[in-house]
$ cat my_file-v1.csv   # CSV, C-alpha atoms
chain,number,residue,atom,x,y,z
A,702,MET,CA,-18.5,-40.9,17.9
A,703,SER,CA,-22.0,-40.0,16.7
A,704,THR,CA,-22.9,-39.8,13.0
A,705,LYS,CA,-23.6,-36.1,13.4
A,706,THR,CA,-20.1,-35.5,14.8
A,707,ILE,CA,-18.4,-37.5,12.1
A,708,SER,CA,-20.3,-35.6,9.4
A,709,CYS,CA,-19.3,-32.3,11.0
A,710,PHE,CA,-15.7,-33.3,11.2
A,711,LEU,CA,-15.6,-34.4,7.5
A,712,LEU,CA,-17.2,-31.2,6.4
A,713,ILE,CA,-14.6,-29.1,8.3
A,714,LEU,CA,-11.8,-31.4,6.9
A,715,CYS,CA,-13.1,-31.0,3.3
A,716,SER,CA,-13.3,-27.2,3.8
A,717,VAL,CA,-9.6,-27.0,4.9
A,718,LEU,CA,-8.5,-29.2,2.0
A,719,LEU,CA,-10.3,-27.0,-0.4
A,720,VAL,CA,-8.5,-24.0,1.0
A,721,GLN,CA,-5.2,-25.7,0.6
A,722,VAL,CA,-5.9,-26.6,-3.0
A,723,LYS,CA,-7.3,-23.3,-4.2
A,724,SER,CA,-5.4,-20.8,-2.2
A,725,GLN,CA,-2.1,-20.1,-0.5
A,726,ILE,CA,-2.0,-20.7,3.3
A,727,CYS,CA,-0.1,-18.0,5.3
A,728,HIS,CA,1.7,-19.3,8.4
A,729,GLY,CA,3.0,-17.0,11.2
A,730,VAL,CA,1.8,-13.9,9.4
A,731,ALA,CA,-0.2,-11.1,11.1
A,732,GLN,CA,-3.8,-10.3,10.1
A,733,TYR,CA,-3.8,-8.3,6.9
A,734,ALA,CA,0.0,-8.6,6.6
A,735,LYS,CA,1.4,-9.1,3.1
A,736,CYS,CA,1.7,-12.7,2.0
A,737,SER,CA,2.3,-12.3,-1.8
A,738,PRO,CA,4.3,-10.1,-4.2
A,739,ASN,CA,0.8,-8.7,-5.1
A,740,THR,CA,0.5,-6.1,-2.4
A,741,ASP,CA,-3.3,-6.1,-2.8
A,742,CYS,CA,-3.2,-9.5,-1.1
A,743,GLY,CA,-3.2,-9.9,2.6
A,744,CYS,CA,-3.5,-12.7,5.2
A,745,LEU,CA,-7.0,-13.3,6.4
A,746,HIS,CA,-6.8,-15.4,9.6
A,747,ILE,CA,-8.8,-18.6,9.9
A,748,PRO,CA,-11.1,-18.7,13.0
A,749,GLY,CA,-9.6,-21.0,15.7
A,750,ALA,CA,-6.1,-21.1,14.2
A,751,ILE,CA,-3.2,-19.2,15.6
A,752,ASN,CA,-1.5,-16.9,13.0
A,753,ILE,CA,-2.7,-19.2,10.2
A,754,GLY,CA,-4.8,-17.8,7.4
A,755,ILE,CA,-5.6,-17.6,3.7
A,756,CYS,CA,-3.6,-15.3,1.5
A,757,SER,CA,-6.4,-13.6,-0.5
A,758,TYR,CA,-7.1,-10.5,-2.5
A,759,GLU,CA,-8.4,-7.9,-0.1
A,760,PHE,CA,-10.7,-6.0,-2.4
A,761,LEU,CA,-12.9,-8.6,-4.0
A,762,VAL,CA,-16.1,-7.5,-2.3
A,763,GLU,CA,-17.4,-4.6,-0.2
A,764,CYS,CA,-17.8,-5.2,3.5
A,765,SER,CA,-21.6,-4.8,3.1
A,766,GLU,CA,-21.7,-7.9,0.9
A,767,LEU,CA,-20.1,-10.2,3.5
A,768,VAL,CA,-22.2,-12.5,5.6
A,769,LYS,CA,-21.3,-14.2,8.9
A,770,CYS,CA,-20.1,-17.8,9.1
A,771,ASP,CA,-22.4,-20.3,10.8
A,772,TYR,CA,-21.9,-21.4,14.4
A,773,ASN,CA,-19.3,-24.0,13.2
A,774,ASN,CA,-17.4,-21.3,11.3
A,775,LEU,CA,-18.4,-22.9,8.0
A,776,CYS,CA,-19.6,-21.3,4.7
A,777,TYR,CA,-22.0,-23.1,2.4
A,778,GLU,CA,-21.7,-20.7,-0.6
A,779,PRO,CA,-19.3,-22.2,-3.2
A,780,ASP,CA,-15.7,-20.8,-3.2
A,781,HIS,CA,-16.2,-19.0,0.1
A,782,ARG,CA,-14.2,-19.6,3.3
A,783,CYS,CA,-14.7,-18.5,6.9
A,784,VAL,CA,-12.1,-15.9,7.9
A,785,HIS,CA,-11.6,-13.0,10.3
A,786,HIS,CA,-12.0,-9.7,8.6
A,787,PRO,CA,-12.2,-7.2,11.5
A,788,ARG,CA,-12.2,-4.2,9.2
A,789,CYS,CA,-15.6,-5.3,8.1
A,790,GLN,CA,-17.1,-7.3,11.1
A,791,SER,CA,-16.0,-8.4,14.5
A,792,SER,CA,-17.4,-11.9,13.8
A,793,PRO,CA,-15.9,-14.3,11.3
A,794,VAL,CA,-17.3,-13.8,7.8
A,795,CYS,CA,-17.6,-15.9,4.6
A,796,TYR,CA,-15.1,-14.4,2.2
A,797,PRO,CA,-14.8,-15.3,-1.5
A,798,VAL,CA,-11.8,-17.4,-2.4
A,799,PRO,CA,-12.1,-18.0,-6.2
A,800,THR,CA,-10.4,-20.8,-8.0
A,801,TYR,CA,-7.9,-18.4,-9.5
A,802,ASN,CA,-6.9,-17.0,-6.1
A,803,ARG,CA,-3.4,-18.6,-6.2
A,804,GLN,CA,-2.7,-17.0,-9.5
A,805,LEU,CA,-4.0,-13.7,-8.2
A,806,CYS,CA,-2.0,-14.0,-4.9
A,807,PRO,CA,1.1,-16.0,-5.8
A,808,PRO,CA,3.4,-17.0,-2.9
A,809,ILE,CA,6.4,-15.0,-2.1
A,810,THR,CA,9.5,-16.9,-3.4
A,811,MET,CA,13.0,-16.7,-2.2
A,812,THR,CA,15.4,-14.5,-4.2
A,813,ASN,CA,18.5,-15.2,-2.2
A,814,ILE,CA,19.4,-18.8,-1.6
A,815,THR,CA,21.7,-17.9,1.3
A,816,THR,CA,18.8,-16.6,3.5
A,817,THR,CA,16.2,-18.7,5.2
A,818,THR,CA,13.5,-16.1,5.1
A,819,ILE,CA,10.7,-16.3,2.5
A,820,VAL,CA,10.6,-12.5,2.1
A,821,PRO,CA,12.9,-11.2,-0.6
A,822,THR,CA,15.6,-8.8,0.7
A,823,THR,CA,14.8,-5.3,-0.6
A,824,THR,CA,16.8,-2.1,-0.6
A,825,THR,CA,15.8,1.4,-1.6
A,826,THR,CA,18.4,2.9,-4.0
A,827,ILE,CA,18.5,6.4,-5.4
A,828,VAL,CA,20.5,6.7,-8.6
A,829,SER,CA,19.8,10.4,-9.2
A,830,THR,CA,17.8,13.3,-7.7
A,831,THR,CA,14.6,11.8,-9.1
A,832,THR,CA,12.4,10.2,-6.4
A,833,THR,CA,11.9,6.5,-7.2
A,834,THR,CA,10.3,3.6,-5.3
A,835,ILE,CA,11.3,0.0,-5.7
A,836,VAL,CA,8.3,-2.2,-5.1
A,837,PRO,CA,9.1,-5.8,-4.0
A,838,THR,CA,7.7,-8.3,-6.6
A,839,THR,CA,9.0,-11.6,-7.9
A,840,THR,CA,11.0,-9.4,-10.3
A,841,THR,CA,12.1,-6.0,-9.3
A,842,THR,CA,9.9,-3.3,-10.8
A,843,THR,CA,10.5,0.4,-10.7
A,844,VAL,CA,7.3,2.4,-10.3
A,845,PRO,CA,7.6,5.7,-12.0
A,846,THR,CA,7.9,8.6,-9.5
A,847,THR,CA,6.2,7.8,-6.2
A,848,THR,CA,6.1,11.3,-4.8
A,849,THR,CA,6.5,14.8,-5.9
A,850,THR,CA,9.1,17.3,-4.5
A,851,ARG,CA,8.0,20.9,-4.1
A,852,ALA,CA,7.7,22.5,-7.4
A,853,GLN,CA,10.6,24.9,-6.8
A,854,SER,CA,12.8,21.8,-6.3
A,855,LEU,CA,12.0,20.2,-9.6
A,856,VAL,CA,15.0,19.8,-11.9
A,857,ASN,CA,14.8,20.1,-15.7
A,858,ILE,CA,16.4,16.9,-16.9
A,859,PRO,CA,17.7,17.0,-20.6
A,860,ALA,CA,16.1,14.5,-22.9
A,861,ASN,CA,19.5,13.1,-23.7
A,862,ALA,CA,20.6,12.7,-20.1
A,863,LYS,CA,22.5,9.5,-19.3
A,864,TRP,CA,22.2,7.8,-15.9
A,865,ALA,CA,25.0,6.2,-13.9
A,866,GLN,CA,25.1,2.4,-14.5
A,867,ASN,CA,25.5,1.6,-10.8
A,868,GLY,CA,23.4,2.9,-8.0
A,869,VAL,CA,24.5,3.7,-4.4
A,870,THR,CA,22.6,2.2,-1.5
A,871,ILE,CA,21.6,5.0,0.8
A,872,ALA,CA,19.1,3.1,3.1
A,873,GLY,CA,18.7,-0.4,4.2
A,874,GLY,CA,20.7,-3.1,2.5
A,875,HIS,CA,21.1,-5.2,5.7
A,876,GLY,CA,18.3,-7.7,5.0
A,877,ASN,CA,14.7,-7.3,6.1
A,878,GLY,CA,14.1,-6.5,9.7
A,879,ASP,CA,13.1,-3.7,12.2
A,880,ALA,CA,16.6,-2.5,13.2
A,881,THR,CA,17.4,1.1,12.4
A,882,ASN,CA,19.7,-0.1,9.6
A,883,GLN,CA,17.0,-2.2,8.0
A,884,LEU,CA,13.7,-1.9,6.1
A,885,TYR,CA,10.8,-4.3,5.6
A,886,TYR,CA,8.8,-3.9,2.4
A,887,PRO,CA,9.7,-0.2,1.9
A,888,LEU,CA,7.2,1.5,-0.4
A,889,GLY,CA,6.9,5.2,-1.1
A,890,LEU,CA,9.7,7.7,-0.4
A,891,PHE,CA,10.5,11.4,-0.6
A,892,VAL,CA,13.8,13.3,-1.0
A,893,ASP,CA,14.1,16.7,0.5
A,894,ASP,CA,16.2,19.6,-0.9
A,895,ASP,CA,19.0,18.7,1.5
A,896,GLN,CA,18.9,15.1,0.3
A,897,THR,CA,17.2,13.8,3.4
A,898,VAL,CA,15.2,10.8,2.5
A,899,VAL,CA,12.0,9.7,4.3
A,900,ILE,CA,10.6,6.2,3.6
A,901,ALA,CA,7.3,4.5,4.2
A,902,ASP,CA,8.6,1.3,5.9
A,903,HIS,CA,5.5,-0.6,5.1
A,904,GLY,CA,6.1,-3.9,6.9
A,905,ASN,CA,7.5,-2.2,10.1
A,906,HIS,CA,4.5,0.3,10.4
A,907,ARG,CA,6.8,3.3,10.6
A,908,ILE,CA,8.4,6.2,8.7
A,909,MET,CA,12.2,6.1,8.5
A,910,GLN,CA,14.5,9.0,7.8
A,911,TRP,CA,18.0,8.9,6.4
A,912,LYS,CA,20.2,12.0,6.5
A,913,ASN,CA,22.5,12.7,3.5
A,914,GLY,CA,25.8,11.0,4.0
A,915,ASP,CA,24.7,8.8,6.9
A,916,THR,CA,24.0,5.4,5.2
A,917,THR,CA,24.7,3.3,8.4
A,918,ASN,CA,21.5,3.9,10.4
A,919,GLY,CA,18.2,5.6,9.9
A,920,GLN,CA,16.0,7.3,12.4
A,921,VAL,CA,12.4,6.3,13.2
A,922,VAL,CA,10.5,9.6,12.9
A,923,VAL,CA,6.9,8.3,12.9
A,924,GLY,CA,5.4,5.1,14.3
A,925,GLY,CA,7.5,2.2,15.2
A,926,LYS,CA,5.1,1.4,18.1
A,927,GLY,CA,3.6,-1.7,16.4
A,928,GLN,CA,0.6,-1.8,14.1
A,929,GLY,CA,-2.5,-0.1,15.5
A,930,THR,CA,-5.1,2.5,15.2
A,931,GLY,CA,-3.8,5.0,17.8
A,932,LEU,CA,-2.7,8.4,16.7
A,933,HIS,CA,0.8,7.5,17.8
A,934,GLN,CA,0.8,4.4,15.5
A,935,LEU,CA,0.7,3.5,11.8
A,936,TYR,CA,-0.6,0.4,10.1
A,937,GLN,CA,1.2,-0.5,6.9
A,938,PRO,CA,1.9,3.0,5.6
A,939,THR,CA,2.4,3.2,1.8
A,940,ASP,CA,3.6,6.7,1.0
A,941,VAL,CA,5.0,9.9,2.6
A,942,LEU,CA,5.9,13.4,1.7
A,943,ILE,CA,7.6,16.4,3.4
A,944,ASP,CA,5.6,19.6,3.6
A,945,GLU,CA,8.4,22.2,4.0
A,946,GLU,CA,5.9,25.0,4.6
A,947,THR,CA,4.7,23.5,7.8
A,948,ASP,CA,7.7,21.3,8.5
A,949,SER,CA,5.6,18.2,8.7
A,950,LEU,CA,5.1,14.8,7.1
A,951,THR,CA,2.0,13.7,5.3
A,952,ILE,CA,1.5,10.0,5.3
A,953,CYS,CA,-0.8,7.4,3.7
A,954,ASP,CA,-1.8,5.2,6.7
A,955,TYR,CA,-3.2,2.5,4.5
A,956,VAL,CA,-4.9,-0.1,6.7
A,957,ASN,CA,-6.2,2.6,9.0
A,958,ARG,CA,-7.8,4.2,6.0
A,959,ARG,CA,-6.6,7.7,6.7
A,960,VAL,CA,-4.2,10.4,5.7
A,961,VAL,CA,-2.3,11.7,8.7
A,962,ARG,CA,0.1,14.6,9.3
A,963,TRP,CA,3.0,14.6,11.8
A,964,SER,CA,5.0,17.6,12.8
A,965,ARG,CA,8.8,17.2,12.4
A,966,ARG,CA,9.4,19.3,15.5
A,967,SER,CA,11.0,17.4,18.4
A,968,GLY,CA,8.7,16.2,21.2
A,969,ILE,CA,5.8,15.4,19.0
A,970,THR,CA,4.3,12.0,20.0
A,971,GLN,CA,1.2,11.7,17.8
A,972,GLY,CA,-0.2,12.8,14.5
A,973,GLU,CA,-3.5,14.3,13.3
A,974,ILE,CA,-6.0,13.0,10.8
A,975,LEU,CA,-6.3,15.1,7.7
A,976,ILE,CA,-8.6,12.8,5.7
A,977,GLY,CA,-10.5,9.7,7.0
A,978,ASN,CA,-12.3,6.8,5.4
A,979,ILE,CA,-9.9,6.5,2.4
A,980,TYR,CA,-7.7,3.7,1.2
A,981,CYS,CA,-4.9,6.1,0.5
A,982,HIS,CA,-1.9,4.6,-1.4
A,983,GLY,CA,-0.1,7.6,-2.8
A,984,VAL,CA,0.2,11.3,-1.9
A,985,ALA,CA,1.7,14.3,-3.7
A,986,MET,CA,1.6,18.1,-3.3
A,987,ASP,CA,1.8,20.8,-6.0
A,988,GLU,CA,3.4,24.3,-5.7
A,989,GLN,CA,0.1,25.8,-4.5
A,990,ARG,CA,0.2,23.3,-1.6
A,991,TYR,CA,-2.9,21.3,-2.9
A,992,LEU,CA,-2.7,17.7,-1.7
A,993,TYR,CA,-3.4,14.9,-4.1
A,994,VAL,CA,-4.4,11.5,-2.8
A,995,SER,CA,-5.1,8.2,-4.6
A,996,ASP,CA,-7.9,6.1,-3.3
A,997,GLU,CA,-7.3,2.5,-4.2
A,998,ALA,CA,-10.7,1.3,-3.2
A,999,LYS,CA,-12.7,4.0,-5.1
A,1000,HIS,CA,-10.3,3.9,-8.1
A,1001,GLU,CA,-9.9,7.7,-8.1
A,1002,VAL,CA,-7.5,10.6,-7.3
A,1003,ARG,CA,-8.7,13.6,-5.5
A,1004,ARG,CA,-7.2,17.1,-4.8
A,1005,TYR,CA,-7.6,18.7,-1.4
A,1006,GLN,CA,-7.0,22.1,0.0
A,1007,LEU,CA,-5.5,21.7,3.5
A,1008,GLY,CA,-8.4,21.3,5.9
A,1009,GLU,CA,-10.8,20.1,3.2
A,1010,LYS,CA,-12.4,16.7,3.8
A,1011,ASN,CA,-14.2,15.9,0.5
A,1012,GLY,CA,-11.8,17.2,-2.1
A,1013,THR,CA,-12.2,17.6,-5.9
A,1014,LEU,CA,-12.0,14.6,-8.3
A,1015,VAL,CA,-9.1,15.0,-10.7
A,1016,ALA,CA,-8.7,11.4,-12.1
A,1017,GLY,CA,-10.9,8.3,-12.4
A,1018,GLY,CA,-14.0,8.2,-10.3
A,1019,ASN,CA,-16.0,6.2,-12.9
A,1020,GLY,CA,-15.7,2.8,-11.2
A,1021,GLN,CA,-13.1,0.2,-11.6
A,1022,GLY,CA,-12.1,-0.4,-15.2
A,1023,ASN,CA,-9.6,0.1,-18.0
A,1024,GLY,CA,-11.4,2.9,-19.9
A,1025,LEU,CA,-9.6,6.2,-20.4
A,1026,ASN,CA,-11.9,7.7,-17.8
A,1027,GLN,CA,-11.3,5.0,-15.3
A,1028,LEU,CA,-8.6,3.7,-13.0
A,1029,ASN,CA,-8.0,0.3,-11.4
A,1030,ARG,CA,-6.2,0.4,-8.0
A,1031,PRO,CA,-4.3,3.7,-8.5
A,1032,ARG,CA,-1.2,4.0,-6.4
A,1033,TYR,CA,1.6,6.5,-6.8
A,1034,LEU,CA,1.3,10.1,-8.1
A,1035,PHE,CA,3.3,12.9,-9.6
A,1036,VAL,CA,2.0,16.4,-10.1
A,1037,ASP,CA,3.8,18.9,-12.4
A,1038,ARG,CA,3.8,22.7,-12.4
A,1039,GLN,CA,0.7,22.8,-14.6
A,1040,GLN,CA,-1.2,20.5,-12.1
A,1041,THR,CA,-1.1,17.7,-14.5
A,1042,VAL,CA,-1.4,14.4,-12.6
A,1043,TYR,CA,0.5,11.3,-13.5
A,1044,VAL,CA,-0.9,8.1,-11.9
A,1045,SER,CA,0.5,4.6,-11.7
A,1046,ASP,CA,-2.6,2.7,-12.6
A,1047,ASN,CA,-1.5,-0.5,-10.9
A,1048,SER,CA,-4.0,-3.2,-11.9
A,1049,ASN,CA,-4.3,-1.8,-15.5
A,1050,HIS,CA,-0.5,-2.1,-15.8
A,1051,ARG,CA,-0.1,1.5,-17.1
A,1052,VAL,CA,0.8,5.0,-16.3
A,1053,MET,CA,-1.9,7.6,-16.9
A,1054,LYS,CA,-1.6,11.4,-17.5
A,1055,TRP,CA,-4.6,13.6,-16.5
A,1056,VAL,CA,-4.4,17.2,-17.5
A,1057,GLU,CA,-6.2,19.6,-15.1
A,1058,GLY,CA,-9.9,19.6,-15.7
A,1059,ALA,CA,-9.8,16.6,-18.1
A,1060,LYS,CA,-12.6,14.0,-18.1
A,1061,GLU,CA,-10.3,11.3,-19.5
A,1062,GLY,CA,-6.6,10.4,-19.1
A,1063,ILE,CA,-3.9,9.7,-21.6
A,1064,VAL,CA,-1.9,6.4,-21.5
A,1065,VAL,CA,1.8,7.4,-21.4
A,1066,ALA,CA,3.3,4.1,-20.6
A,1067,GLY,CA,2.2,0.4,-20.6
A,1068,GLY,CA,-1.4,-0.5,-21.0
A,1069,GLN,CA,-0.8,-2.9,-23.9
$ encode --input "my_file-v1.csv" --output "structure tokens"
Amino acid sequence: MSTKTISCFLLILCSVLLVQVKSQICHGVAQYAKCSPNTDCGCLHIPGAINIGICSYEFLVECSELVKCDYNNLCYEPDHRCVHHPRCQSSPVCYPVPTYNRQLCPPITMTNITTTTIVPTTTTTIVSTTTTTIVPTTTTTTVPTTTTTRAQSLVNIPANAKWAQNGVTIAGGHGNGDATNQLYYPLGLFVDDDQTVVIADHGNHRIMQWKNGDTTNGQVVVGGKGQGTGLHQLYQPTDVLIDEETDSLTICDYVNRRVVRWSRRSGITQGEILIGNIYCHGVAMDEQRYLYVSDEAKHEVRRYQLGEKNGTLVAGGNGQGNGLNQLNRPRYLFVDRQQTVYVSDNSNHRVMKWVEGAKEGIVVAGGQ
């Protein structure tokens, strides 16, 4: 073996060892699939490896800042690793993997010692008529109000209301999987007037529907055709709402960077794109049928008239940060009758209230 070959081999070996020390390796996980309780983290595949990658934070840099790996798929800039990032470039790129990456993207731990899967079993439970999403983390966290019902369906809840101590499972509860009685990383959901529930089944790339009283099996109403960019497919949807006026579903198709609408009429085989080039995580609609969308990459929330492409800024939009005029990875939304927007400001660990026309928000929960 020549000296040049030995040097190259040692360099590759050192690079792999550094990856193992500084970051979490994801095995048998699809490109961009979730690999950590932090849902901003995804698996970036290593060139030449089969379904092996680095679990890393997906929004550390813009695509324009990434450079291609050299011909040996190596990176010479400190704390950068060669990975596939097809949303940015078709060729492998050098992606930053900071020393704190493992703390940023901790591994998924088992929550049930009787199962052999490394993904915690998650069920979506409704304990009242309020719409709630349970987001899988190492400890179960309830994100306040993921979607909004139509304004005429809103219920005035007394301040002294008491909730039942035990919830009732109405969807899932049979372990993670893609059967019609299972869910895999369910995120946003919406409850209709007749108690029909639609759920963004994030890990299965589909929207599931459960009719009131039928807790045995759900129905795939959108997607379920594998991850992809086709109009008949979804790629890790994060939220969904029912537009009763048009009898359609509005969906955050997260990895495809678009908001899509699917008619609920039978025989429909594909959706239509309402808004493109947006990392939509949450959607809501007010009683005037304005659509509100959170953009996780631009750290803002915009309001759209149906058919509008640019929208009006209603929250954030001043860069990533923790100021009262800023947001940091905004996710789910709720809009009241006065068009006040409530935002789960994910990476700032707070809930913000933005009155219509306000230049700054008000912290109503967390943020300490």
$ atom_distance --input "my_file-v1.csv" --atom1 "atom CA of Val1036 of chain A" --atom2 "atom CA of Pro738 of chain A"
27.2 Å
$ closest_residue --input "my_file-v1.csv" --among "A:Pro859, A:Pro748, A:Gly1062, A:Gly1068" --to "Pro793 of chain A" --atoms "all atoms listed in the file"
A:Pro748
$ atom_distance --input "my_file-v1.csv" --atom1 "atom CA of Val1056 of chain A" --atom2 "atom CA of Ser949 of chain A"
28.1 Å
$ residues_near_point --input "my_file-v1.csv" --point "(-8.0, 2.8, -20.9)" --cutoff "10 Å" --atoms "only C-alpha atoms" --output "list in words"
Gly1022, Asn1023, Gly1024, Leu1025, Asn1026, Gln1027, Leu1028, Asn1029, Asp1046, Asn1049, Arg1051, Met1053, Glu1061, Gly1062, Ile1063, Val1064, Gly1068 and Gln1069 of chain A
$ closest_residue --input "my_file-v1.csv" --among "A:Leu932, A:His1000, A:Leu942, A:Pro799" --to "Thr970 of chain A" --atoms "all atoms listed in the file"
A:Leu932
$ closest_residue --input "my_file-v1.csv" --among "A:Val923, A:Leu935, A:Leu950, A:Ala734" --to "Tyr758 of chain A" --atoms "all atoms listed in the file"
A:Ala734
$ atom_distance --input "my_file-v1.csv" --atom1 "atom CA of Val994 of chain A" --atom2 "atom CA of Ala901 of chain A"
15.3 Å
$ residues_near_point --input "my_file-v1.csv" --point "(7.7, -5.7, 5.5)" --cutoff "7 Å" --atoms "all atoms listed in the file" --output "PyMOL selection string"
chain A and resi 885-887+903-905
$ closest_residue --input "my_file-v1.csv" --among "A:Asn1047, A:Gln928, A:Ser757, A:Asn1011" --to "Arg803 of chain A" --atoms "all atoms listed in the file"
A:Ser757
$ residues_around --input "my_file-v1.csv" --residues "Val762 of chain A" --least-positions-apart "4" --cutoff "8 Å" --atoms "all atoms listed in the file" --output "VMD selection string"
chain A and resid 766 to 767 797
$ residues_around --input "my_file-v1.csv" --residues "Arg990 of chain A" --least-positions-apart "2" --cutoff "8 Å" --atoms "all atoms listed in the file" --output "JSON list (two decimals) with C-alpha atoms, in the frame of the given file"
[["chain", "number", "residue", "atom", "x", "y", "z"],
["A", 986, "MET", "CA", 1.60, 18.10, -3.30],
["A", 987, "ASP", "CA", 1.80, 20.80, -6.00],
["A", 988, "GLU", "CA", 3.40, 24.30, -5.70],
["A", 992, "LEU", "CA", -2.70, 17.70, -1.70],
["A", 1006, "GLN", "CA", -7.00, 22.10, 0.00],
["A", 1007, "LEU", "CA", -5.50, 21.70, 3.50]]
$ residues_around --input "my_file-v1.csv" --residues "Cys953 of chain A" --least-positions-apart "3" --cutoff "10 Å" --atoms "all atoms listed in the file" --output "count of residues only"
26
$ closest_residue --input "my_file-v1.csv" --among "A:Gln804, A:Asn918, A:Asn773, A:Asn752" --to "Ser737 of chain A" --atoms "only C-alpha atoms"
A:Gln804
$ closest_residue --input "my_file-v1.csv" --among "A:Gly1008, A:Gly873, A:Gly1017, A:Gly914" --to "Asp895 of chain A" --atoms "only C-alpha atoms"
A:Gly914
